[in-house]
Every structure is written in C-alpha cells, then in structure tokens.
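*Asks:* Coordinates in upload-v4.tsv, TSV, C-alpha atoms, are listed below.
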chain	number	residue	atom	x	y	z
T	1	MET	CA	0.00	0.00	0.00
T	2	ALA	CA	1.30	3.46	-0.87
T	3	ARG	CA	2.27	5.62	2.04
T	4	LYS	CA	2.26	9.37	2.47
T	5	SER	CA	5.58	11.16	2.35
T	6	SER	CA	7.39	11.12	5.67
T	7	GLY	CA	9.56	14.03	4.61
T	8	GLY	CA	12.83	12.09	4.28
T	9	PRO	CA	15.29	12.72	1.42
T	10	ALA	CA	14.00	9.68	-0.49
T	11	ASP	CA	10.48	11.14	-0.37
T	12	ASP	CA	11.38	14.46	-1.98
T	13	PRO	CA	8.77	14.92	-4.76
T	14	GLU	CA	11.30	16.57	-7.07
T	15	VAL	CA	13.70	13.61	-6.86
T	16	LEU	CA	10.84	11.16	-7.26
T	17	ILE	CA	9.51	12.94	-10.36
T	18	LEU	CA	12.96	13.26	-11.91
T	19	SER	CA	13.57	9.55	-11.23
T	20	SER	CA	10.28	8.70	-12.86
T	21	LEU	CA	11.04	10.80	-15.94
T	22	ALA	CA	14.55	9.33	-16.19
T	23	GLY	CA	12.75	6.21	-17.41
T	24	GLY	CA	11.05	8.08	-20.25
T	25	PRO	CA	8.53	10.89	-20.84
T	26	LYS	CA	5.25	10.72	-18.94
T	27	HIS	CA	2.20	12.86	-18.25
T	28	GLY	CA	1.04	13.83	-14.75
T	29	TYR	CA	-1.10	10.81	-13.99
T	30	ALA	CA	1.53	8.39	-15.30
T	31	ILE	CA	4.18	10.05	-13.11
T	32	MET	CA	1.92	9.70	-10.08
T	33	THR	CA	1.27	6.00	-10.62
T	34	ASP	CA	4.90	5.29	-11.49
T	35	VAL	CA	6.12	6.98	-8.29
T	36	GLU	CA	3.56	5.02	-6.31
T	37	GLN	CA	4.85	1.79	-7.84
T	38	PHE	CA	8.60	2.24	-7.54
T	39	ALA	CA	8.78	4.28	-4.32
T	40	GLY	CA	5.51	3.44	-2.60
T	41	VAL	CA	4.81	7.16	-2.13
T	42	ALA	CA	1.36	8.57	-2.95
T	43	LEU	CA	1.83	12.11	-4.25
T	44	GLY	CA	-1.25	14.30	-3.95
T	45	PRO	CA	-2.29	16.21	-7.12
T	46	GLY	CA	-1.34	19.52	-5.51
T	47	THR	CA	2.08	18.26	-4.45
T	48	LEU	CA	2.67	16.73	-7.89
T	49	TYR	CA	1.90	19.90	-9.82
T	50	SER	CA	3.71	22.20	-7.38
T	51	ALA	CA	6.81	20.08	-7.91
T	52	ILE	CA	6.28	19.97	-11.70
T	53	THR	CA	5.97	23.79	-11.73
T	54	ARG	CA	9.29	24.18	-9.90
T	55	LEU	CA	11.02	21.58	-12.07
T	56	VAL	CA	9.84	23.31	-15.26
T	57	GLU	CA	10.90	26.72	-13.94
T	58	ASN	CA	14.35	25.37	-13.13
T	59	GLU	CA	14.50	23.79	-16.60
T	60	TRP	CA	15.04	20.33	-15.12
T	61	ILE	CA	12.05	18.99	-17.03
T	62	GLU	CA	10.08	20.32	-20.01
T	63	PRO	CA	6.65	19.73	-21.51
T	64	MET	CA	6.78	17.98	-24.86
T	65	SER	CA	3.98	20.05	-26.38
T	66	GLU	CA	2.82	23.64	-26.04
T	67	SER	CA	-0.59	22.82	-24.75
T	68	GLY	CA	-2.99	19.95	-24.41
T	69	ARG	CA	-5.09	18.09	-21.96
T	70	GLN	CA	-2.37	15.69	-20.88
T	71	ARG	CA	1.04	16.99	-21.80
T	72	PRO	CA	3.89	14.54	-21.37
T	73	TYR	CA	7.01	15.86	-19.64
T	74	ARG	CA	10.59	14.81	-20.28
T	75	ILE	CA	13.76	15.25	-18.27
T	76	THR	CA	16.32	17.73	-19.69
T	77	PRO	CA	20.12	17.30	-19.67
T	78	LYS	CA	20.20	19.81	-16.80
T	79	GLY	CA	17.63	17.67	-14.99
T	80	ASN	CA	19.74	14.55	-15.53
T	81	LEU	CA	22.70	16.28	-13.87
T	82	ARG	CA	20.52	17.46	-11.02
T	83	LEU	CA	19.11	13.97	-10.42
T	84	GLU	CA	22.56	12.42	-10.57
T	85	SER	CA	23.97	14.85	-8.00
T	86	GLN	CA	20.97	14.37	-5.69
T	87	LEU	CA	21.22	10.58	-5.88
T	88	ASP	CA	24.98	10.70	-5.32
T	89	ARG	CA	24.44	12.73	-2.16
T	90	MET	CA	21.81	10.29	-0.96
T	91	LYS	CA	24.14	7.40	-1.71
T	92	VAL	CA	26.96	8.95	0.35
T	93	LEU	CA	24.54	9.64	3.19
T	94	ALA	CA	23.11	6.13	3.09
T	95	ASN	CA	26.58	4.53	3.02
T	96	VAL	CA	27.81	6.55	6.00
T	97	GLY	CA	24.62	5.90	7.96
T	98	LEU	CA	24.65	2.16	7.28
T	99	ARG	CA	28.36	1.85	8.10
T	100	ARG	CA	27.87	3.64	11.42
T	101	LEU	CA	24.84	1.56	12.26
T	102	LYS	CA	26.89	-1.59	11.80
T	103	LEU	CA	29.65	-0.20	14.05
T	104	ALA	CA	27.22	0.70	16.81
D	105	MET	CA	-16.29	21.00	-7.65
D	106	ILE	CA	-12.84	20.42	-9.16
D	107	ARG	CA	-13.05	23.71	-11.02
D	108	LEU	CA	-13.87	25.36	-7.71
D	109	LEU	CA	-10.86	23.74	-6.07
D	110	LEU	CA	-8.64	24.92	-8.88
D	111	ARG	CA	-9.71	28.49	-8.15
D	112	ALA	CA	-7.29	28.27	-5.24
D	113	TYR	CA	-4.49	28.67	-7.80
D	114	PRO	CA	-3.55	31.92	-9.58
D	115	ALA	CA	-5.17	32.42	-13.01
D	116	ALA	CA	-1.86	32.29	-14.89
D	117	TRP	CA	-0.98	28.99	-13.22
D	118	ARG	CA	-4.42	27.57	-14.04
D	119	ALA	CA	-4.00	28.50	-17.69
D	120	GLU	CA	-0.75	26.55	-17.81
D	121	TYR	CA	-1.47	23.51	-15.65
D	122	GLY	CA	-5.16	23.69	-14.71
D	123	GLU	CA	-6.56	21.28	-17.30
D	124	GLU	CA	-3.86	18.68	-16.68
D	125	MET	CA	-4.36	18.86	-12.97
D	126	ARG	CA	-8.12	18.59	-13.34
D	127	LEU	CA	-7.67	15.29	-15.18
D	128	VAL	CA	-5.29	14.01	-12.50
D	129	ILE	CA	-7.78	14.91	-9.75
D	130	LEU	CA	-10.56	13.22	-11.74
D	131	SER	CA	-8.51	10.05	-11.87
D	132	LYS	CA	-8.32	9.87	-8.08
D	133	ARG	CA	-10.95	9.29	-5.48
D	134	ILE	CA	-11.72	12.75	-4.10
D	135	THR	CA	-11.09	12.47	-0.39
D	136	LEU	CA	-10.65	15.18	2.22
D	137	SER	CA	-6.91	14.60	1.99
D	138	VAL	CA	-6.95	15.32	-1.77
D	139	ILE	CA	-9.06	18.46	-1.24
D	140	PHE	CA	-6.71	19.80	1.44
D	141	ASN	CA	-3.69	18.89	-0.65
D	142	VAL	CA	-5.03	20.90	-3.60
D	143	LEU	CA	-6.10	23.88	-1.47
D	144	TRP	CA	-2.83	23.92	0.49
D	145	ASN	CA	-0.69	23.89	-2.63
D	146	GLY	CA	-2.95	26.47	-4.29
D	147	TYR	CA	-2.47	28.79	-1.33
D	148	LYS	CA	1.30	28.29	-1.52
D	149	GLN	CA	1.28	28.98	-5.25
D	150	ARG	CA	-0.68	32.19	-4.73
D	151	MET	CA	1.78	33.35	-2.11
D	152	LEU	CA	4.76	32.45	-4.28
D	153	ASP	CA	3.30	34.28	-7.27
D	154	ALA	CA	2.74	37.54	-5.42
D	155	GLY	CA	5.19	40.31	-6.29
D	156	PRO	CA	6.72	42.63	-3.69
D	157	MET	CA	4.58	45.65	-4.53
D	158	ARG	CA	1.35	43.68	-4.40
D	159	THR	CA	2.47	42.07	-1.17
D	160	CYS	CA	3.23	45.40	0.48
D	161	LEU	CA	0.04	46.99	-0.82
D	162	ILE	CA	-2.29	44.20	0.26
D	163	GLY	CA	-0.51	43.78	3.58
D	164	SER	CA	-0.72	47.49	4.32
D	165	ILE	CA	-4.38	47.79	3.35
D	166	VAL	CA	-5.44	44.73	5.32
D	167	THR	CA	-3.40	45.81	8.31
D	168	ALA	CA	-4.87	49.30	8.21
D	169	ILE	CA	-8.44	47.98	7.95
D	170	PHE	CA	-7.91	45.65	10.87
D	171	ALA	CA	-6.19	48.35	12.87
D	172	MET	CA	-9.19	50.62	12.45
D	173	GLU	CA	-11.66	47.82	13.00
D	174	CYS	CA	-9.95	46.58	16.11
D	175	PHE	CA	-9.42	49.95	17.67
D	176	GLU	CA	-12.71	49.85	19.54
D	177	ARG	CA	-12.27	46.28	20.71
D	178	THR	CA	-10.45	44.93	23.69
D	179	ALA	CA	-6.69	45.02	23.93
D	180	LEU	CA	-6.47	41.25	23.66
D	181	VAL	CA	-8.47	41.16	20.43
D	182	ARG	CA	-6.31	43.91	18.98
D	183	TRP	CA	-3.17	42.01	19.93
D	184	VAL	CA	-4.34	38.71	18.46
D	185	ALA	CA	-5.67	40.33	15.29
D	186	SER	CA	-2.51	42.29	14.63
D	187	LEU	CA	-0.33	39.26	15.32
D	188	ILE	CA	-2.28	37.11	12.87
D	189	ILE	CA	-2.11	39.77	10.18
D	190	ILE	CA	1.59	40.34	10.61
D	191	VAL	CA	2.34	36.61	10.64
D	192	ALA	CA	0.37	36.13	7.41
D	193	PHE	CA	1.87	39.20	5.81
D	194	ASN	CA	5.43	38.26	6.72
D	195	GLY	CA	4.86	34.70	5.57
D	196	TRP	CA	3.88	36.07	2.20
D	197	ALA	CA	6.90	38.36	2.06
D	198	ALA	CA	9.24	35.52	3.05
D	199	CYS	CA	7.84	33.25	0.36
D	200	TRP	CA	8.24	35.91	-2.28
D	201	SER	CA	11.76	36.59	-1.13
D	202	ARG	CA	12.81	32.92	-1.14
D	203	ARG	CA	11.13	32.43	-4.49
D	204	SER	CA	13.14	35.23	-6.08
D	205	GLY	CA	16.35	33.34	-5.26
D	206	LYS	CA	17.61	35.54	-2.46
D	207	SER	CA	19.80	34.10	0.28
D	208	ILE	CA	18.31	33.29	3.67
D	209	ALA	CA	20.04	36.34	5.20
D	210	GLN	CA	18.62	38.62	2.51
D	211	SER	CA	15.20	37.08	2.97
D	212	TRP	CA	15.31	37.73	6.67
D	213	LEU	CA	16.15	41.38	5.97
D	214	VAL	CA	13.23	41.68	3.56
D	215	VAL	CA	10.90	40.03	6.04
D	216	LEU	CA	12.05	42.09	8.99
D	217	GLY	CA	11.91	45.27	6.91
D	218	SER	CA	8.42	44.57	5.62
D	219	GLY	CA	7.29	43.50	9.07
D	220	TYR	CA	8.53	46.72	10.59
D	221	MET	CA	6.76	48.69	7.88
D	222	ALA	CA	3.54	46.89	8.68
D	223	ASN	CA	4.03	47.39	12.39
D	224	TRP	CA	4.76	51.07	12.06
D	225	PHE	CA	1.88	51.53	9.71
D	226	CYS	CA	-0.76	50.51	12.21
D	227	ALA	CA	1.13	50.14	15.50
D	228	THR	CA	-1.66	47.93	16.78
D	229	THR	CA	0.68	45.32	18.16
D	230	PHE	CA	2.45	47.93	20.20
D	231	ILE	CA	-0.66	49.79	21.26
D	232	ALA	CA	-2.55	46.66	22.25
D	233	ALA	CA	0.28	45.07	24.14
D	234	ARG	CA	1.26	48.37	25.74
D	235	THR	CA	-2.26	48.72	27.06
D	236	LEU	CA	-2.04	45.28	28.60
D	237	ILE	CA	1.40	45.71	30.13
D	238	PHE	CA	0.95	49.21	31.45
D	239	ALA	CA	-2.29	48.24	33.10
D	240	VAL	CA	-0.14	46.40	35.62
D	241	ALA	CA	3.26	48.15	35.39
D	242	ALA	CA	4.22	51.80	35.61
D	243	PRO	CA	5.22	53.13	32.18
D	244	THR	CA	8.85	54.18	31.92
D	245	LEU	CA	10.77	55.07	28.76
D	246	GLY	CA	13.06	52.03	29.09
D	247	LEU	CA	10.14	49.69	29.54
D	248	GLU	CA	8.32	51.18	26.56
D	249	ILE	CA	11.34	50.80	24.27
D	250	ALA	CA	12.04	47.26	25.48
D	251	PHE	CA	8.43	46.35	24.97
D	252	LEU	CA	8.31	47.82	21.47
D	253	VAL	CA	11.37	45.82	20.41
D	254	VAL	CA	10.12	42.54	21.92
D	255	ALA	CA	6.62	42.92	20.45
D	256	MET	CA	7.90	43.65	16.97
D	257	LEU	CA	10.56	40.99	16.96
D	258	THR	CA	8.12	38.37	18.18
D	259	ALA	CA	5.67	39.15	15.39
D	260	ASN	CA	8.38	39.27	12.75
D	261	ILE	CA	10.15	36.10	13.80
D	262	LEU	CA	6.87	34.21	13.91
D	263	GLY	CA	5.95	35.56	10.49
D	264	ALA	CA	9.32	34.74	9.00
D	265	SER	CA	9.23	31.22	10.43
D	266	VAL	CA	5.86	30.58	8.85
D	267	GLY	CA	7.10	32.00	5.57
D	268	PHE	CA	10.24	29.91	5.48
D	269	ALA	CA	8.37	26.78	6.48
D	270	LEU	CA	5.96	27.35	3.61
D	271	ALA	CA	8.68	28.26	1.15
D	272	ARG	CA	10.91	25.30	1.93
D	273	CYS	CA	8.60	22.43	2.72
D	274	GLU	CA	6.92	20.63	-0.09
D	275	SER	CA	3.92	19.70	1.96
D	276	PRO	CA	4.60	19.30	5.63
D	277	ILE	CA	1.14	18.07	6.53
D	278	LEU	CA	-0.40	16.55	3.45
D	279	ASN	CA	1.12	14.76	0.55
Could you write out this structure as structure tokens?

*Replies:*
Amino acid sequence: MARKSSGGPADDPEVLILSSLAGGPKHGYAIMTDVEQFAGVALGPGTLYSAITRLVENEWIEPMSESGRQRPYRITPKGNLRLESQLDRMKVLANVGLRRLKLA
Amino acid sequence: MIRLLLRAYPAAWRAEYGEEMRLVILSKRITLSVIFNVLWNGYKQRMLDAGPMRTCLIGSIVTAIFAMECFERTALVRWVASLIIIVAFNGWAACWSRRSGKSIAQSWLVVLGSGYMANWFCATTFIAARTLIFAVAAPTLGLEIAFLVVAMLTANILGASVGFALARCESPILN
C-alpha cells in the first residue's frame, strides 16, 4: 500500500519525479502511478503539480507540447545532472549511515 | 467541484497547468486529503506568485483595515488580530523573497523590513500590548522601548518562520 511522504530525502517529490522521468517521458497521472509503484509514495495532485511547476521553472524537465489536456514531460540534460547529484548525495549519506549503524 | 478547487491557484498557473491537474484529480478518489492537498498547494502557489509591490500593498491595506476595525475592541483582540495579520503578511513576504532566489540572510532582511513597515503603519501590536502591560506596570521610557522591540521581533520572527516553512517544505502536513 502506498504511504504518504514522511519528509525524508527519499520522499522528496522533485527527486521522485525526476527519477520517474529518467525512465522516459510521462504525463502527470503516469508520473503519479509510477512513483507510487517504484517508491511506494502517494503524491497528492497539488504536491505533484507544485513540484512539476518548480522543475519546469528550473528547466530540469520540459513539456513535450505547447498545450494539451495531458502533456507529457521529459527530463532535460540539466535535470539529468541534477538527479545524478541528488542521488549521489543520498548514496553517500546512506553509506555513512549504514556503516555507522553496523559499528554501533 | 474540481473547477472550484482549482480556483485556489492563480489564473496564470491555471491556464498553464489547470486542465492537466483537473484530469489528475478526476482520476483519483476525491477524499478530504486530496481536497486539502489541492487547497494547500494552491495557497502556496498564490503566495509564491505575489510580487513585492502587491504584497506590500495588500498587507498594508489589510493591516490598516484591521487596525481601524480593532481599535474599539479589547486590547487582547487587537493584539491577536494584529499578530495574525503580521504573521500572514510576513509569511507572504518571506515566500516571495525565497522564491526570487535571495539568500536566507537577505530574505530575513526583507521580512524584517516589511514587518517593521507593517508594524509602524498601524502600531496595533504595540498599542494593544502596551495597554495590557501598562495596566499592571508603571510606564517608563526604558520599559516602553524594550516592549516595542520585543513585540515587533516576536511578530516578525513568527511571520518569518511561517514564511520559510511554507517556502521550503513541499507539503509538511499533506502529501
């Protein structure tokens, strides 16, 4: 069952959306269901479109058509870099945390 | 009902994303959580879209109206009303400031500056609280100055905190 975001780094809607779009262009509903499947996080419609707005403004994703009822979005090269750096940071954090947990 | 919910968002935002979002909402079961999620994010979007001039103008007008309205009421009502207004106003200013890419220090300056403007404009916070304090303590210049500073800083820090929380958090309550 999908859970609500607990506010951790892995629940950040921007990272989740970028990760979803890294697998190919999708429209809003497809992003929402994809995120629910791979991360188990249920994004609300408001949260989803607030994050999409920010991602478009930062040029990390872009709509594939000017207008339409269900525009697909795709990740940009800038967005790829952003996602990579975010995931690298999370990886470092996870490695340090797990190592320290084992030592404790 | 969905169209009504979407009214929570600014018109320009609705023109860009409104139809897409309507379809996404339609695809979900409309629960209270979904309604609050849409309204909450709409409110945030409205705050983020407000420019500095509009923010100052609306804040000043609302503050002035409440200041006049509350003048005949009790000191406690005046205090609470002015605090709420200043918190909301500063929250708005903080959001705008964070949105425009300013540093946290710069944002604090904007928020404190706008908060002081609002406070000076109506002075309700000071007047209301002064009435309360000096009902039990003898007014001296030192006490008045100390009180003015504390009252204004409290309102501004509260306002700024709300603003930063809104500007930074994706959705602290609902997702």

*Asks:* So, with all atoms listed in the file as the atoms that count, which of D:Ile139, D:Val128, D:Ile134, D:Leu245 lies closest to chain T?

*Replies:*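 Ranked by minimum distance to chain T, first place goes to D:Val128.
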
*Asks:* Calculate how many Å separate CA of Gly24 (chain T) from CA of Glu120 (chain D), rounding to one decimal.

*Replies:*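 A separation of 22.1 Å between them.
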
*Asks:* Can you work out the spacing between CA of Trp60 (chain T) and CA of Ala116 (chain D) in Å, to one decimal?

*Replies:*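 Separation between CA of Trp60 (chain T) and CA of Ala116 (chain D): 20.7 Å.
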
*Asks:* For a quick check of understanding, using all atoms listed in the file, which of D:Leu136, D:Arg111, D:Ile106, D:Met125 has the smallest distance to chain T?

*Replies:*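 Under the stated criterion, the closest residue is D:Met125.
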
*Asks:* Using all atoms listed in the file, pick whichever of T:Asn80, T:Ser65, T:Arg74, T:Ile17 has the shortest atom-to-atom distance to Tyr49 (chain T).

*Replies:* T:Ile17

*Asks:* Any idea which chain D residues end up within 6 Å of chain T if we count all atoms listed in the file, as a PyMOL selection string please?

*Replies:* chain D and resi 123-124+128+141-142+145+279

*Asks:* Do you have the CA of Leu83 (chain T)-CA of Tyr121 (chain D) distance handy?

*Replies:*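 Distance between the two atoms: 23.3 Å.
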
*Asks:* Counting only C-alpha atoms, which of T:Leu18, T:Val92, T:Leu81, T:Val35 gets nearest to Val56 (chain T)?

*Replies:*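 Using only C-alpha atoms, Val56 (chain T) sits closest to T:Leu18.
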